[in-house]
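The file coords-v3.cif contains mmCIF, C-alpha atoms:
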```cif
data_final
#
loop_
_atom_site.label_atom_id
_atom_site.label_comp_id
_atom_site.auth_asym_id
_atom_site.auth_seq_id
_atom_site.Cartn_x
_atom_site.Cartn_y
_atom_site.Cartn_z
CA MET E 86 20.34 -26.59 -11.85
CA THR E 87 22.14 -23.91 -9.84
CA ALA E 88 19.67 -21.23 -10.98
CA LEU E 89 16.71 -23.50 -10.15
CA LYS E 90 18.18 -24.27 -6.73
CA SER E 91 18.70 -20.58 -6.05
CA ARG E 92 15.11 -19.81 -7.06
CA LEU E 93 13.74 -22.59 -4.84
CA ILE E 94 15.78 -21.33 -1.90
CA GLY E 95 14.52 -17.83 -2.55
CA LEU E 96 10.93 -19.03 -2.51
CA ALA E 97 11.46 -21.13 0.61
CA LEU E 98 13.12 -18.47 2.77
CA PRO E 99 9.99 -16.31 3.28
CA PHE E 100 7.98 -19.43 4.13
CA VAL E 101 10.59 -20.59 6.63
CA SER E 102 10.70 -17.11 8.18
CA LEU E 103 6.93 -17.12 8.49
CA VAL E 104 6.85 -20.56 10.11
CA LEU E 105 9.56 -19.55 12.58
CA GLY E 106 7.76 -16.31 13.43
CA VAL E 107 4.38 -17.97 13.99
CA GLY E 108 6.05 -20.79 15.87
CA ALA E 109 7.79 -18.32 18.19
CA ALA E 110 4.47 -16.57 18.84
CA LEU E 111 2.78 -19.88 19.71
CA VAL E 112 5.64 -20.83 22.03
CA LEU E 113 5.25 -17.47 23.76
CA ALA E 114 1.52 -18.15 24.13
CA ALA E 115 2.34 -21.49 25.77
CA VAL E 116 4.80 -19.80 28.14
CA LEU E 117 2.03 -17.38 29.14
CA GLY E 118 -0.23 -20.30 29.98
CA GLU E 119 -2.40 -20.37 26.84
CA SER E 120 -2.92 -23.36 24.58
CA PRO E 121 -0.94 -22.78 21.37
CA PHE E 122 -3.36 -25.04 19.47
CA GLU E 123 -6.32 -22.96 20.62
CA VAL E 124 -4.50 -19.75 19.69
CA ALA E 125 -3.74 -21.14 16.23
CA ARG E 126 -7.36 -22.25 15.81
CA ILE E 127 -8.69 -18.81 16.72
CA LEU E 128 -6.25 -17.12 14.35
CA VAL E 129 -7.22 -19.32 11.41
CA THR E 130 -10.97 -19.36 11.98
CA GLY E 131 -11.00 -15.67 12.85
CA ALA E 132 -9.30 -14.85 9.57
CA PHE E 133 -10.89 -17.31 7.15
CA GLY E 134 -13.67 -19.13 9.05
CA SER E 135 -16.60 -17.55 7.21
CA ALA E 136 -17.35 -15.26 4.28
CA THR E 137 -17.50 -12.22 6.55
CA GLN E 138 -14.24 -13.11 8.28
CA LEU E 139 -12.55 -13.70 4.93
CA GLY E 140 -13.95 -10.38 3.74
CA TYR E 141 -12.40 -8.56 6.69
CA SER E 142 -9.05 -10.24 6.00
CA LEU E 143 -9.14 -9.15 2.36
CA TYR E 144 -10.30 -5.67 3.39
CA TYR E 145 -7.28 -5.29 5.68
CA ALA E 146 -5.07 -6.72 2.92
CA THR E 147 -6.16 -4.25 0.23
CA PRO E 148 -4.14 -1.20 1.36
CA LEU E 149 -1.18 -3.51 2.04
CA ILE E 150 -1.15 -4.64 -1.59
CA PHE E 151 -0.82 -1.03 -2.71
CA THR E 152 1.82 -0.11 -0.15
CA GLY E 153 3.68 -3.37 -0.73
CA LEU E 154 3.81 -2.64 -4.45
CA ALA E 155 4.96 0.89 -3.68
CA VAL E 156 7.85 -0.26 -1.50
CA ALA E 157 8.76 -3.04 -3.96
CA TRP E 158 8.91 -0.61 -6.88
CA ALA E 159 11.42 1.52 -5.01
CA PHE E 160 13.39 -1.58 -3.98
CA LYS E 161 13.69 -2.67 -7.61
CA ALA E 162 15.15 0.74 -8.46
CA GLY E 163 17.67 0.48 -5.63
CA LEU E 164 15.75 2.74 -3.26
CA PHE E 165 14.20 2.28 0.18
CA ASN E 166 10.90 4.13 0.44
CA ILE E 167 9.88 4.41 4.09
CA GLY E 168 7.47 7.21 3.20
CA ALA E 169 4.55 5.09 1.97
CA GLU E 170 2.62 5.99 5.12
CA GLY E 171 2.79 9.71 4.37
CA GLN E 172 2.18 9.18 0.67
CA MET E 173 -0.88 7.07 1.44
CA THR E 174 -2.11 9.76 3.84
CA LEU E 175 -1.89 12.55 1.27
CA GLY E 176 -3.17 10.38 -1.58
CA GLY E 177 -6.20 9.30 0.42
CA LEU E 178 -6.80 12.89 1.49
CA ALA E 179 -6.70 13.92 -2.17
CA MET E 180 -9.44 11.38 -2.92
CA ALA E 181 -11.62 12.85 -0.19
CA ILE E 182 -10.98 16.43 -1.31
CA VAL E 183 -11.92 15.63 -4.91
CA GLY E 184 -15.04 13.88 -3.69
CA LEU E 185 -16.00 16.92 -1.63
CA THR E 186 -15.24 19.60 -4.21
CA LEU E 187 -16.73 17.76 -7.20
CA PRO E 188 -19.53 15.80 -5.54
CA SER E 189 -21.84 15.53 -8.54
CA LEU E 190 -19.60 13.54 -10.88
CA PRO E 191 -21.02 10.17 -11.99
CA ALA E 192 -19.25 7.03 -10.79
CA MET E 193 -17.76 6.22 -14.21
CA ILE E 194 -15.87 9.52 -14.04
CA ALA E 195 -15.62 10.18 -10.30
CA ILE E 196 -13.69 7.09 -9.25
CA PRO E 197 -11.04 7.30 -12.02
CA VAL E 198 -10.61 11.03 -11.32
CA ALA E 199 -10.14 10.31 -7.61
CA PHE E 200 -7.58 7.61 -8.40
CA VAL E 201 -5.66 9.91 -10.75
CA PHE E 202 -5.54 12.72 -8.19
CA ALA E 203 -4.45 10.33 -5.45
CA PHE E 204 -1.73 8.84 -7.64
CA PHE E 205 -0.32 12.23 -8.60
CA VAL E 206 -0.45 13.67 -5.08
CA GLY E 207 1.21 10.60 -3.56
CA GLY E 208 3.60 10.50 -6.50
CA ALA E 209 4.57 14.14 -6.11
CA TRP E 210 5.32 13.53 -2.43
CA GLY E 211 7.50 10.57 -3.34
CA ALA E 212 9.17 12.44 -6.22
CA LEU E 213 10.18 15.18 -3.78
CA ALA E 214 12.28 12.65 -1.89
CA GLY E 215 13.55 11.28 -5.21
CA TRP E 216 14.62 14.74 -6.37
CA MET E 217 16.47 15.39 -3.10
CA LYS E 218 18.21 12.02 -3.53
CA ALA E 219 19.17 12.62 -7.17
CA LYS E 220 20.04 16.31 -7.05
CA ARG E 221 21.17 16.92 -3.48
CA GLY E 222 22.44 13.53 -2.37
CA CYS E 223 19.99 13.27 0.56
CA HIS E 224 19.39 9.64 1.48
CA GLU E 225 15.81 8.62 0.73
CA VAL E 226 15.41 6.81 4.05
CA LEU E 227 15.96 10.03 5.96
CA THR E 228 13.90 12.25 3.68
CA THR E 229 10.92 9.88 3.44
CA ILE E 230 10.82 9.45 7.22
CA LEU E 231 10.81 13.21 7.72
CA LEU E 232 8.28 13.77 4.95
CA ASN E 233 5.93 11.37 6.75
CA PHE E 234 5.65 13.83 9.62
CA VAL E 235 5.08 16.74 7.26
CA ALA E 236 2.34 14.73 5.54
CA TYR E 237 0.67 14.01 8.89
CA GLY E 238 0.66 17.73 9.67
CA LEU E 239 -0.76 18.71 6.28
CA ALA E 240 -3.45 16.06 6.48
CA SER E 241 -4.45 17.15 9.98
CA PHE E 242 -4.71 20.76 8.83
CA PHE E 243 -6.98 19.93 5.91
CA ILE E 244 -9.10 17.44 7.87
CA LEU E 245 -9.46 19.54 11.02
CA SER E 246 -9.63 23.03 9.52
CA VAL E 247 -10.43 23.21 5.82
CA PHE E 248 -12.75 20.26 5.10
CA ARG E 249 -13.85 19.29 8.59
CA ASN E 250 -17.39 18.10 9.14
CA ARG E 251 -18.60 20.62 11.72
CA GLU E 252 -21.67 18.58 12.57
CA VAL E 253 -19.71 15.89 14.45
CA GLN E 254 -17.01 15.90 17.12
CA SER E 255 -14.83 13.33 15.35
CA PRO E 256 -11.78 14.58 13.40
CA GLU E 257 -13.09 13.82 9.90
CA THR E 258 -14.15 15.46 6.66
CA GLY E 259 -17.61 15.56 5.18
CA VAL E 260 -18.95 12.67 3.11
CA VAL E 261 -17.81 12.44 -0.52
CA GLY E 262 -20.33 12.45 -3.37
CA ASP E 263 -22.27 9.28 -4.12
CA GLY E 264 -20.40 8.74 -7.38
CA TYR E 265 -17.16 8.20 -5.47
CA HIS E 266 -18.51 5.31 -3.40
CA ILE E 267 -16.78 2.05 -4.35
CA ALA E 268 -19.29 -0.80 -4.15
CA ALA E 269 -19.02 -3.55 -1.56
CA MET E 270 -18.31 -7.16 -2.56
CA GLU E 271 -20.96 -8.86 -0.42
CA TRP E 272 -20.90 -12.00 -2.58
CA ILE E 273 -17.35 -12.66 -1.30
CA GLY E 274 -17.08 -10.72 1.92
CA GLY E 275 -20.50 -11.17 3.47
CA SER E 276 -21.25 -8.29 5.82
CA SER E 277 -17.61 -7.12 5.92
CA PRO E 278 -16.47 -3.80 4.41
CA LEU E 279 -14.65 -5.60 1.57
CA ASN E 280 -15.11 -3.59 -1.63
CA TRP E 281 -13.96 -3.47 -5.25
CA SER E 282 -10.75 -1.71 -4.25
CA PHE E 283 -9.40 -5.21 -3.65
CA VAL E 284 -9.92 -6.05 -7.32
CA PHE E 285 -8.32 -2.75 -8.32
CA ALA E 286 -5.31 -3.63 -6.15
CA ILE E 287 -4.97 -7.01 -7.87
CA GLY E 288 -5.17 -5.21 -11.22
CA PHE E 289 -2.32 -2.89 -10.25
CA ALA E 290 -0.28 -5.93 -9.17
CA VAL E 291 -0.75 -7.39 -12.66
CA VAL E 292 0.35 -4.10 -14.23
CA PHE E 293 3.35 -4.00 -11.88
CA HIS E 294 4.40 -7.48 -13.03
CA PHE E 295 3.92 -6.62 -16.71
CA ILE E 296 5.94 -3.40 -16.50
CA PHE E 297 8.96 -5.02 -14.92
CA LYS E 298 8.86 -8.05 -17.20
CA ARG E 299 7.92 -6.56 -20.56
CA THR E 300 8.57 -2.83 -20.81
CA ARG E 301 11.49 -0.48 -21.30
CA LEU E 302 10.50 1.45 -18.20
CA GLY E 303 10.78 -1.69 -16.10
CA PHE E 304 14.16 -2.51 -17.63
CA TYR E 305 15.49 1.00 -16.91
CA GLN E 306 14.19 0.83 -13.34
CA ARG E 307 15.84 -2.54 -12.74
CA LEU E 308 19.02 -1.17 -14.30
CA ALA E 309 18.96 1.75 -11.88
CA GLY E 310 18.69 -0.68 -8.99
CA GLY E 311 21.08 -3.37 -10.20
CA ALA E 312 23.65 -1.81 -12.51
CA PRO E 313 23.51 2.00 -12.44
CA MET E 314 27.01 2.39 -13.86
CA THR E 315 26.05 0.31 -16.89
CA GLY E 316 23.02 2.52 -17.36
CA ARG E 317 25.10 5.67 -17.24
CA LEU E 318 27.53 4.24 -19.80
CA ALA E 319 24.51 3.49 -22.02
CA GLY E 320 23.44 7.13 -21.80
CA ILE E 321 20.52 6.62 -19.41
CA SER E 322 20.03 9.28 -16.75
CA MET E 323 20.04 7.46 -13.43
CA ASP E 324 18.96 10.65 -11.65
CA ARG E 325 15.85 10.72 -13.80
CA GLN E 326 15.17 7.04 -13.08
CA THR E 327 15.47 7.74 -9.35
CA ILE E 328 12.89 10.52 -9.50
CA ILE E 329 10.58 8.41 -11.69
CA ALA E 330 10.89 5.46 -9.30
CA MET E 331 9.97 7.52 -6.28
CA PHE E 332 7.11 9.18 -8.15
CA ILE E 333 5.55 5.85 -9.13
CA SER E 334 6.25 4.36 -5.71
CA GLY E 335 4.55 7.30 -4.03
CA GLY E 336 1.67 7.13 -6.48
CA LEU E 337 1.00 3.48 -5.70
CA ALA E 338 1.07 4.27 -1.99
CA GLY E 339 -1.33 7.15 -2.60
CA LEU E 340 -3.89 4.71 -3.99
CA ALA E 341 -3.90 2.71 -0.74
CA GLY E 342 -6.46 5.09 0.71
CA ALA E 343 -9.13 3.96 -1.78
CA SER E 344 -10.49 1.10 0.31
CA PRO E 345 -10.86 2.84 3.70
CA ILE E 346 -12.02 6.18 2.23
CA LEU E 347 -14.01 5.47 -0.94
CA GLY E 348 -15.00 1.89 -0.11
CA PHE E 349 -15.89 2.10 3.57
CA ALA E 350 -16.01 5.42 5.47
CA PHE E 351 -16.69 7.65 2.40
CA LYS E 352 -14.74 10.36 4.21
CA ALA E 353 -11.20 11.00 5.40
CA ARG E 354 -10.64 10.45 9.11
CA GLU E 355 -7.51 11.48 10.92
CA GLY E 356 -5.15 8.50 11.10
CA PHE E 357 -7.03 6.47 8.48
CA SER E 358 -3.76 4.99 7.14
CA GLY E 359 -3.39 2.91 10.31
CA GLY E 360 0.27 2.05 9.72
CA ALA E 361 -0.36 0.36 6.36
CA GLY E 362 2.60 2.19 4.83
CA PHE E 363 5.01 0.67 7.32
CA VAL E 364 3.50 -2.82 7.14
CA GLY E 365 3.90 -2.54 3.36
CA ILE E 366 7.66 -2.77 3.90
CA ALA E 367 7.25 -6.18 5.52
CA VAL E 368 4.81 -7.21 2.78
CA ALA E 369 7.32 -6.31 0.06
CA LEU E 370 10.16 -8.10 1.84
CA LEU E 371 8.13 -11.25 2.54
CA GLY E 372 6.82 -11.21 -1.04
CA ARG E 373 10.38 -10.79 -2.37
CA ASN E 374 9.27 -7.78 -4.44
CA SER E 375 7.23 -9.95 -6.82
CA ALA E 376 3.60 -9.12 -7.65
CA ILE E 377 2.19 -12.52 -6.70
CA GLY E 378 4.35 -12.66 -3.58
CA ILE E 379 3.15 -9.23 -2.46
CA VAL E 380 -0.51 -10.16 -2.95
CA ALA E 381 -0.03 -13.38 -0.99
CA ALA E 382 1.90 -11.64 1.78
CA ALA E 383 -0.71 -8.88 2.02
CA ILE E 384 -3.52 -11.43 2.38
CA LEU E 385 -1.48 -13.21 5.03
CA PHE E 386 -0.97 -10.00 7.00
CA GLY E 387 -4.62 -9.11 6.54
CA GLY E 388 -5.61 -12.53 7.89
CA LEU E 389 -3.28 -12.20 10.85
CA THR E 390 -4.73 -8.76 11.60
CA LYS E 391 -8.30 -10.09 11.54
CA GLY E 392 -7.44 -13.28 13.43
CA ALA E 393 -5.56 -11.36 16.12
CA LEU E 394 -8.63 -9.22 16.77
CA ASP E 395 -10.45 -12.36 17.89
CA LEU E 396 -7.82 -13.14 20.52
CA ASP E 397 -8.88 -11.71 23.87
#
```

For this file, write the structure as C-alpha cells.
Amino acid sequence: MTALKSRLIGLALPFVSLVLGVGAALVLAAVLGESPFEVARILVTGAFGSATQLGYSLYYATPLIFTGLAVAWAFKAGLFNIGAEGQMTLGGLAMAIVGLTLPSLPAMIAIPVAFVFAFFVGGAWGALAGWMKAKRGCHEVLTTILLNFVAYGLASFFILSVFRNREVQSPETGVVGDGYHIAAMEWIGGSSPLNWSFVFAIGFAVVFHFIFKRTRLGFYQRLAGGAPMTGRLAGISMDRQTIIAMFISGGLAGLAGASPILGFAFKAREGFSGGAGFVGIAVALLGRNSAIGIVAAAILFGGLTKGALDLD
C-alpha cells in the first residue's frame, strides 16, 4: 500500500503543479482586467479547437518529445543535460547538410541516413560533455551550457558561410533534396505543418521505455544514476556509462530538428531550434522522466504554445 500511495502521489504532483501554474496565470489575467474564463477558452480552442489547431499543437510538441527524452535519459543516469539546445542545433544542421550534399537519395534511404547523421552529431556533442565529466571531473551543467554557445557559433558559420542560400537575404541554407522531405499528416493536422516526425518521436518514446524496462543497457544506466558505487563493485565502468548516457542523450536531442527542417522548412534556418532544448527540461520534469509522461507533457506544452499565440 505504501508503494502504491507513493506512486499515486508521484503521478499527482505534476498535475497539481500544472493546475497551480495555470491557475496563477488566470489570476494574473484577472488582475490585468481580462476575463480568466475567456483566456482559458481561447487557450483551449486555440490549441485543440480544430484539426488544424490540433496539428499545430502536435507540430510544436514534436521537438519537445525528442528533447524531453534526451533530458530524461541523462536524468536517469544521474546527469543534468542542459545542452539539448546545442545538440538539437547541430543535429538538425547535420540533417540539412546531408540533404544538401547527397540530394539525389531516395526517401527510403535519405530519411534514415539523415536521422543517423543527426543522432551521431548530436550524440558526439553530448559525449564530449560526458567525457569531460568522466575523465576531467567537469560538471556537465557547466560544460553543456558552454557547449551550447559553441554550437550556436558553429551552426551560424555553416548556415551563413558554407551552405548559405545566396539567392535570398534570410540566414538559411539551400533546400534539401526531395527524398529528405518528411510527408505532412493532413488527415490529422489539417493545413498545419504537422508531419510524420511526430510518429517517429512517439516511436522513439516507445524504444526509450523498452530500453529502461527490459535491457541491460537500461539497467546499467539506471545503476549509474541510482547506485554508482554498487555498479563499480560489480565491475561496471561508471565513467563509460556516463559517456554513453550523454552520447544517447545528445543523439535524441539531435533528432529534434527533424520536424522543423525535414518536415516543414526543408532547410536549416538560423535559430530553428527555438528554445526547444530548454523547454525539454520542463517536459522531462513534468513527465517525471517516463516515456508516456514526456509525450503527454510535450503535447501539453505544444498546446499551450499554440493557444498562447491566439491571445492578443

Could you produce a table of the residues of stretch 155-183 of chain E lying within 12 Å of stretch 261-280 of chain E, with the nearest pair of atoms per residue and their separation in Å rounded to one decimal, using only C-alpha atoms, ordered by chain and increasing residue number, as a tab-separated table?
```
residue	atom	partner	partner_atom	distance
E:Leu178	CA	E:Val261	CA	11.2
E:Ala179	CA	E:Val261	CA	11.3
E:Met180	CA	E:Tyr265	CA	8.7
E:Ala181	CA	E:Val261	CA	6.2
E:Ile182	CA	E:Val261	CA	7.9
E:Val183	CA	E:Val261	CA	8.0
```

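Atom CA of E:Gly311 is found 13.5 Å from atom CA of E:Ala330.
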
Quiz item: For this file, the PyMOL selection byres ((chain E and resi 367) around 12) selects which residues, as a VMD selection string?
Solution: chain E and resid 99 102 to 103 149 to 150 152 to 157 167 360 to 366 368 to 374 378 to 379 382 to 383 385 to 386

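Residue nearest E:Gly356 within the list E:Ala309, E:Met173, E:Ile384, E:Ala203: E:Met173 [criterion: smallest interatomic distance, only C-alpha atoms].
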
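Distances from E:Leu340, E:Val291, E:Leu347, E:Met331 to E:Thr229 were compared using all atoms listed in the file, and the smallest one belongs to E:Met331.
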
Exercise. Take the point (1.0, 4.7, -1.5) as written in the file and pick out every residue within 9 Å of it, counting only C-alpha atoms; give the list as a VMD selection string.
Key: chain E and resid 148 151 to 156 168 to 177 203 to 204 207 to 208 211 333 to 342 362

Self-check item: Separation of atom CA of E:Val129 from atom CA of E:Leu117, in Å and rounded to one decimal
Solution: 20.1 Å

Practice problem: May I ask which of the residues E:Val104, E:Ser246, E:Ala199, E:Phe283 is the closest one to E:Gly387, counting all atoms listed in the file? | Solution: E:Phe283

Quiz item: In terms of the shortest atom-to-atom distance over all atoms listed in the file, which of E:Leu389, E:Leu227, E:Leu105, E:Ala214 is closest to E:Phe133?
Solution: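 When distances to E:Phe133 are compared using all atoms listed in the file, the smallest one comes from E:Leu389.
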